[in-house]
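Novice: The structure that follows is given in the form of structure tokens.
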Amino acid sequence: MFWTVVRVEARNLRAERALWGLLALLAALVAGAAWSGAASARARQATVEGAVEAEERRLAEVRARLVAGIGRDDPGDPVIAGRLIAHLAVLPPAPLAALARGQGDADSARVTTDSRLSARGAEAAIAGPTVQATGAFDLAFVFVYLLPLLIIGLTYDLLAGERERGTLALVLAQPVSLRTFVLGKACLRAAVVVGVTLGLAAAALALSADGLATPGGLAHTALYLGALLAYALFWFAAAVAVNARGRTAAGNALALVGVWLVLVVAVPGLVRMAVEVAYPPPSRVELANLVRDAASEIEEELTALQGDHGAAAPAGLRLLAVQEALDARIQPVVARFRDQLAQQQRLVNRLRFLSPALVLNEAVVDLAGTGGDAARRFDGQVDAFHGQWRAFFAERARAGQRLTPADLDGLPTFAFVPEPLGDQAARVGLGVLGLLLPALALLLMSAPGLRRVGRLA
Amino acid sequence: MIRLIATKELRELARDGRFRLAGAVVLVLLVTTLGFGWRLAASVAEERSAAQQAAEESWQGQGDKNPHVAAHYGKYVFKPLGTLAFLDPGVDPFLGVTLKLEAHKQNLAHDAPAQDATAIHRFGQLSAASVLQLFVPLLLIALGFAAWTGERERGTLRQLASTGVSMRHLLLGKALGLAGALAGVLLPAVAVAVAMAAWLGGGADPGWLGRLALMVGAYGLYFGAMAGLVFFVSARAPSSRHALVVLVGFWSVTSLVVPRVASDVAARVVSLPAPAEFAAAVRHSMENGLPGGAPREERVSALSAALLKRHGFEGAEAFMDEAMLQGIELQAEAAFEDEVLDHHVAGLATALARQERVAQWAAVASPFLAIRAVSSGLAGTDHAHHRAFQVQAEAYRRALVQALNDDLARNAGDDVWRYQAGRALWERAPVFAYVAPGLGWALDHLGVALAVLVGWLALAWAAAWRSLRRIPLF
């Protein structure tokens, strides 16, 4: 009987222009979002490459001066060289970076480390504030915000429509239960919408994301499509549950839009407030003040040292000592800063289950590597690298060695180590579970409502 | 008659459990977001004024040094938060708050709060303003979509028509009823907002009351426009569910899709340089002169000659003491650097402003964008206000550098670089005090958005009025 319902519904759907119109709209939105997301990922990459090139030019310049042995500042002195050369640590884009712009527009994905101070935070990008505040038109937006509205548009009158047209009485005169009828209709619609959505999502990724063909890329894609599937199923289950209450089509639509508004807009906003109240965001202003004081102390120390002509090496060593002392002072503040953000993220990971939209959004920015998790991991690694970088110059300064061009070839280089796939998969997988269980609960809740036939017209 | 209709509508709404639930949700969200915004604003204001004080102290306690070295040492200024920022954070979280003022440089503001955000900060952007801009129109849709279609479906429209009541009176009565219901939800929130603003602004910022009053008016225009659209669609739709689908569709396209597409388009039409590119362009001009202008050396000596002439020392260089010449040379260099910085920073600011304007013009396709621009403009949290802060800070930077260079020229004598000034000079130097732009200035910048908002209102009500002529009774 179930398959008969599906077959009849398939015939109905084929004739329904609204379905085709909505699916075409979805295709257009996905295409636009994929194009836009890919363009901003490319622009970001180009910025990073330009900066790396500029730094390489600077290194070549220092090397040339080292060979020629001329110039105002002596690059042979490791302490001075440590101030002249910097290393750009770059956070490489994740395979699915084109999926969501996320935080990607706030900083420009790279950090300059030189031997002076603690690694500075990523350089702020120059971006229009309204563009940032509005958020990107990317795949994450289309799926998190718009897909549920589209599903609501296709399902709000699943049962109420039949009732209002008077066809429900005719259908139920056949040997079919209300539950089979509703589930048959819902399943077919879900199959069509989910099939098209996943197809579009996969196609959009294939066209817009680089590095998809790597094993990591495939695993990320599978996780992403799984989360998307579970999200769509949740909204179908919600539609079935609302339809089972036996209200009018307009009443159903109103209830579903209300649920959408609460789950997609209100709850994430409330979760953010809760997170900020529980773990207040660290103060950048305080950090700026501290770094400013430290930097000016170093400058003063330097000015004082410039008087000691001819005693460069001991002066250099004194400078190193000053730097290390200041670094020790700044480090705890930076650590507190990062710790606070990590605490916030931990709380979000727990509270995300309050809203399916939050679950999907967290999963998507997680996989796109633009949510801030990857950035904080990167910051931690850069800090460790900075120690290594500074030690390179400090050791030579302490040993009283001069820097040679050969030394420049041995400069430490930074390579980002991404989070193990297993950890990420566990987090996203838990999220998928957090979507499927509420969906199941909604279906179970609607069972009693579907046992009663209720009004027929 | 109109009052009678309005009373009936209002009573009906008040008895409707769904309206009571939705109204309560909106009110709770409003009060929560207000409370959160107020708490944040209070702590941010305190933090920034403490930082400003610390910066002032470290400026005055910098010890004895050459005035020009002090100009290099520089001074930090922090952007104060406007009184109404708690209502509508606007684009403020995405703009820098600290600005280092120093010789030879025009820095960009740093440390935007959004830089340290986790994904939830982007996804969960909820403020009193966004509740008003997003939730209230949906509430209006939920309350009004069946205004005409419902009467027809229940068969009461025929009865009403038979009593001879004018359709215009009916429309006005229904609109008044809706307005009354909405006021019941929103007025408590307005009272809370006024109390909070008075606590935050106090006597320090006298302009907030006018801005808040205008903001209430602007939201009135926005809700009026949305209500007009709701009545229009309800009059023309074949059934209640059609009306609802059309209205929710309109809401989601204009409040969700159009803003993002518009800002993406704006970012693509008006592209901004990468930070490294911008820095490189400034460096290049500093070394070689402005594109199309004279090279550095030539321009500096021209400026220096002009300064000598202005002071009446033309041709008397041989008789002037070293410090005087050095001071004038420094001033000429600073003037050249100002020219270069002005060129580049103004270029960037113009590009940003153009980007904002493109996004603002998109309000023609979305009343949501119009009210968003007006609301953040009145709250003092839009890009124009940020720019005003930057302009004042830059004027102050020049005054400060000039005062220090003047001191060098006047008092250094033959010592020039060995000359040291002390605390007295640091205390005498001008102090930065940001003056928030007035209401007239804010309105000047909101012309387009306000006109578009009024346009939407006029259009919606003209349509609602005209649709009365052809409401089918069956």
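In the structure tokens, the first chain shown is A, the next is B, and so on; residue numbers restart at 1 for each chain, and ligands run from 1 in the order shown.
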Please identify every residue of chain B that has at least one atom no more than 7 Å from any atom of chain A, counting only C-alpha atoms, and report them as a PyMOL selection string.
Specialist: chain B and resi 51+91+94-95+111+114-115+118-121+123-126+142+240-241+244+259-261+263-264+267+272+274-276+352+355-356
Novice: Can you pull out the residues contacting segment 370-382 of chain B? Cut-off 7 Å, using only C-alpha atoms, and skip same-chain residues under 4 positions away; I want them as a PyMOL selection string.
Specialist: chain B and resi 82+84-85+88-92+211+215+222+360+363+366+386+442+446+449-450+452-453
Novice: For the residues in the current selection, export N, CA and C atoms as a CSV table (one decimal), in the first residue's frame.
Specialist:
```csv
chain,number,residue,atom,x,y,z
B,82,GLY,N,29.0,54.6,21.3
B,82,GLY,CA,27.8,55.5,21.4
B,82,GLY,C,26.8,55.0,22.4
B,84,LEU,N,23.7,54.6,22.1
B,84,LEU,CA,22.6,53.7,21.6
B,84,LEU,C,23.2,52.4,21.0
B,85,ALA,N,24.5,52.2,21.1
B,85,ALA,CA,25.1,51.0,20.5
B,85,ALA,C,24.5,49.7,21.0
B,88,ASP,N,21.6,48.6,18.8
B,88,ASP,CA,21.9,48.1,17.5
B,88,ASP,C,23.4,48.2,17.3
B,89,PRO,N,24.1,47.0,17.5
B,89,PRO,CA,25.6,47.1,17.3
B,89,PRO,C,26.0,47.4,15.9
B,90,GLY,N,25.1,47.3,14.9
B,90,GLY,CA,25.5,47.7,13.5
B,90,GLY,C,26.7,46.9,13.1
B,91,VAL,N,27.6,47.7,12.4
B,91,VAL,CA,28.8,47.1,11.9
B,91,VAL,C,30.0,47.3,12.9
B,92,ASP,N,29.7,47.8,14.0
B,92,ASP,CA,30.8,48.2,15.0
B,92,ASP,C,31.7,47.0,15.4
B,211,ARG,N,18.0,61.0,19.0
B,211,ARG,CA,18.3,59.8,18.1
B,211,ARG,C,17.3,58.7,18.4
B,215,MET,N,14.7,57.0,15.9
B,215,MET,CA,14.7,55.5,15.7
B,215,MET,C,13.4,54.9,15.8
B,222,TYR,N,8.9,51.5,9.0
B,222,TYR,CA,9.2,50.1,8.5
B,222,TYR,C,8.0,49.2,8.8
B,360,GLN,N,23.7,50.0,0.4
B,360,GLN,CA,22.5,50.8,0.8
B,360,GLN,C,21.5,51.0,-0.3
B,363,ALA,N,18.6,48.7,-0.9
B,363,ALA,CA,17.4,48.8,-0.1
B,363,ALA,C,16.2,49.0,-1.0
B,366,SER,N,14.7,45.9,-0.9
B,366,SER,CA,14.5,45.3,0.4
B,366,SER,C,14.3,46.3,1.5
B,386,HIS,N,32.2,55.6,12.2
B,386,HIS,CA,33.6,55.1,12.3
B,386,HIS,C,34.5,56.0,11.6
B,442,ALA,N,24.1,62.9,11.1
B,442,ALA,CA,23.7,61.5,10.9
B,442,ALA,C,22.6,61.4,9.9
B,446,LEU,N,22.1,59.5,6.0
B,446,LEU,CA,21.0,58.5,5.9
B,446,LEU,C,20.0,58.8,4.8
B,449,ALA,N,18.8,56.0,2.4
B,449,ALA,CA,18.0,54.9,3.1
B,449,ALA,C,16.7,55.4,3.6
B,450,LEU,N,16.7,56.7,4.2
B,450,LEU,CA,15.4,57.2,4.7
B,450,LEU,C,14.4,57.4,3.5
B,452,VAL,N,14.3,55.8,0.7
B,452,VAL,CA,13.8,54.5,0.2
B,452,VAL,C,12.8,53.9,1.2
B,453,LEU,N,13.0,54.1,2.5
B,453,LEU,CA,12.1,53.6,3.5
B,453,LEU,C,10.7,54.3,3.3
```
Novice: Please compute the atom CA of Arg3 of chain B-atom CA of Lys174 of chain B distance, one decimal, in Å.
Specialist: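 Computing it gives 9.5 Å between the two atoms.
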Novice: Report as a list of chain:residue names all protein, DNA and RNA residues lying within 10 Å of Phe234 of chain A, evaluated on only C-alpha atoms, omitting residues in the same chain fewer than 6 positions from it.
Specialist: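 Contacts, with the query itself left out: A:Pro148, A:Leu228, A:Val240, A:Pro356, A:Gly434, A:Leu435, A:Leu436, A:Leu437, A:Pro438, A:Ala439, A:Leu440, A:Ala441, A:Leu442, A:Leu443.
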Novice: May I ask for the distance between atom CA of Leu218 of chain A and atom CA of Pro95 of chain A, given in Å to one decimal place?
Specialist: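 Atom-to-atom, atom CA of Leu218 of chain A and atom CA of Pro95 of chain A are spaced 8.9 Å apart.
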Novice: Could you pull out the strand (DSSP E) residues of segment 22-107 of chain A from DSSP and send them as a list in words?
Specialist: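 Those in segment 22-107 of chain A that DSSP calls strand (DSSP E) are His87, Leu88, Ala89 and Val90 of chain A.
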Novice: Closest to Gly400 of chain A among A:Leu317, A:Leu59, A:Ala244, A:Val334, using only C-alpha atoms?
Specialist: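 The shortest atom-to-atom distance to Gly400 of chain A comes from A:Leu317.
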Novice: One decimal, Å: what's the distance from atom CA of Ile141 of chain B over to atom CA of Leu221 of chain B, could you say?
Specialist: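 Atom CA of Ile141 of chain B sits 15.8 Å away from atom CA of Leu221 of chain B.
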Novice: Report as a ChimeraX atom specification all protein, DNA and RNA residues lying within 9 Å of segment 192-209 of chain A, evaluated on only C-alpha atoms, omitting residues in the same chain fewer than 3 positions from it.
Specialist: /A:23,26-27,30-31,33-35,37-39,41,95-99,139,143,147,151,187-189,212-213,221,225,228-229,232-233
Novice: Produce a file of the selected residues containing N, CA, C and O atoms, as a compact mmCIF listing (two decimals), in the first residue's frame.
Specialist:
```txt
# COMPACT_ATOMS: atom_id res chain seq x y z
N LEU A 23 12.54 23.75 -6.92
CA LEU A 23 13.79 23.04 -7.16
C LEU A 23 14.70 23.86 -8.09
O LEU A 23 15.92 23.91 -7.90
N LEU A 26 16.25 26.47 -6.01
CA LEU A 26 17.33 25.91 -5.20
C LEU A 26 18.59 25.74 -6.04
O LEU A 26 19.71 26.10 -5.61
N ALA A 27 18.41 25.22 -7.27
CA ALA A 27 19.57 25.01 -8.14
C ALA A 27 20.27 26.34 -8.41
O ALA A 27 21.50 26.43 -8.36
N VAL A 30 22.11 27.51 -5.25
CA VAL A 30 23.32 26.72 -5.00
C VAL A 30 24.42 27.12 -5.98
O VAL A 30 25.58 27.30 -5.59
N ALA A 31 24.02 27.29 -7.26
CA ALA A 31 25.03 27.65 -8.26
C ALA A 31 25.66 29.00 -7.90
O ALA A 31 26.89 29.15 -7.91
N ALA A 33 25.78 30.51 -4.99
CA ALA A 33 26.54 30.46 -3.75
C ALA A 33 27.87 29.75 -3.96
O ALA A 33 28.91 30.17 -3.42
N ALA A 34 27.85 28.69 -4.76
CA ALA A 34 29.10 27.96 -5.01
C ALA A 34 30.09 28.85 -5.74
O ALA A 34 31.29 28.90 -5.41
N TRP A 35 29.59 29.58 -6.72
CA TRP A 35 30.45 30.47 -7.48
C TRP A 35 31.05 31.54 -6.56
O TRP A 35 32.26 31.79 -6.57
N GLY A 37 31.35 31.49 -3.25
CA GLY A 37 32.25 30.91 -2.26
C GLY A 37 33.60 30.59 -2.86
O GLY A 37 34.65 30.86 -2.25
N ALA A 38 33.59 30.04 -4.08
CA ALA A 38 34.85 29.70 -4.73
C ALA A 38 35.65 30.96 -5.01
O ALA A 38 36.88 30.99 -4.84
N ALA A 39 34.95 32.02 -5.44
CA ALA A 39 35.66 33.26 -5.76
C ALA A 39 36.33 33.84 -4.51
O ALA A 39 37.49 34.27 -4.57
N ALA A 41 37.26 32.19 -1.81
CA ALA A 41 38.36 31.31 -1.41
C ALA A 41 39.59 31.57 -2.28
O ALA A 41 40.72 31.60 -1.79
N PRO A 95 40.21 21.43 2.47
CA PRO A 95 39.68 21.00 1.16
C PRO A 95 38.32 21.63 0.83
O PRO A 95 38.06 21.98 -0.31
N LEU A 96 37.47 21.80 1.85
CA LEU A 96 36.13 22.32 1.57
C LEU A 96 36.01 23.81 1.90
O LEU A 96 34.94 24.28 2.26
N ALA A 97 37.10 24.56 1.78
CA ALA A 97 37.10 25.96 2.18
C ALA A 97 36.03 26.78 1.47
O ALA A 97 35.51 27.76 2.01
N ALA A 98 35.67 26.37 0.24
CA ALA A 98 34.71 27.16 -0.54
C ALA A 98 33.29 27.05 0.03
O ALA A 98 32.40 27.80 -0.36
N LEU A 99 33.11 26.14 0.98
CA LEU A 99 31.77 25.88 1.52
C LEU A 99 31.23 27.06 2.33
O LEU A 99 30.06 27.40 2.25
N LEU A 139 27.45 28.51 0.29
CA LEU A 139 26.66 27.27 0.36
C LEU A 139 26.13 27.04 1.77
O LEU A 139 25.01 26.55 1.96
N PHE A 143 22.11 26.33 2.54
CA PHE A 143 21.60 25.10 3.14
C PHE A 143 21.07 25.31 4.55
O PHE A 143 20.03 24.78 4.91
N LEU A 147 17.26 26.10 2.79
CA LEU A 147 16.75 24.75 2.52
C LEU A 147 15.53 24.42 3.40
O LEU A 147 14.53 23.91 2.88
N ILE A 151 11.78 23.34 2.17
CA ILE A 151 11.12 22.11 2.61
C ILE A 151 9.75 22.45 3.21
O ILE A 151 8.75 21.77 2.93
N CYS A 187 7.69 10.70 2.40
CA CYS A 187 8.91 10.02 1.99
C CYS A 187 9.25 10.37 0.54
O CYS A 187 10.42 10.62 0.22
N LEU A 188 8.25 10.38 -0.33
CA LEU A 188 8.56 10.68 -1.72
C LEU A 188 9.11 12.11 -1.84
O LEU A 188 10.12 12.35 -2.50
N ARG A 189 8.43 13.06 -1.19
CA ARG A 189 8.90 14.44 -1.27
C ARG A 189 10.31 14.56 -0.71
O ARG A 189 11.18 15.24 -1.27
N LEU A 212 39.58 18.37 -3.51
CA LEU A 212 38.49 17.49 -3.12
C LEU A 212 38.89 16.03 -3.30
O LEU A 212 38.43 15.15 -2.59
N ALA A 213 39.78 15.81 -4.27
CA ALA A 213 40.12 14.43 -4.64
C ALA A 213 41.09 13.76 -3.67
O ALA A 213 41.35 12.59 -3.79
N THR A 221 33.93 15.48 2.47
CA THR A 221 32.73 15.59 1.65
C THR A 221 31.65 14.63 2.16
O THR A 221 30.48 15.00 2.27
N LEU A 225 28.01 15.80 3.45
CA LEU A 225 26.76 15.35 2.85
C LEU A 225 25.90 14.61 3.88
O LEU A 225 24.67 14.75 3.88
N LEU A 228 24.19 17.20 5.99
CA LEU A 228 23.15 17.87 5.20
C LEU A 228 21.91 16.99 5.10
O LEU A 228 20.77 17.45 5.27
N LEU A 229 22.13 15.69 4.85
CA LEU A 229 21.03 14.73 4.75
C LEU A 229 20.24 14.70 6.07
O LEU A 229 19.01 14.79 6.08
N ALA A 232 18.11 17.86 6.48
CA ALA A 232 16.90 17.86 5.65
C ALA A 232 15.86 16.91 6.26
O ALA A 232 14.67 17.25 6.34
N LEU A 233 16.31 15.75 6.73
CA LEU A 233 15.36 14.79 7.33
C LEU A 233 14.69 15.39 8.56
O LEU A 233 13.50 15.19 8.78
```
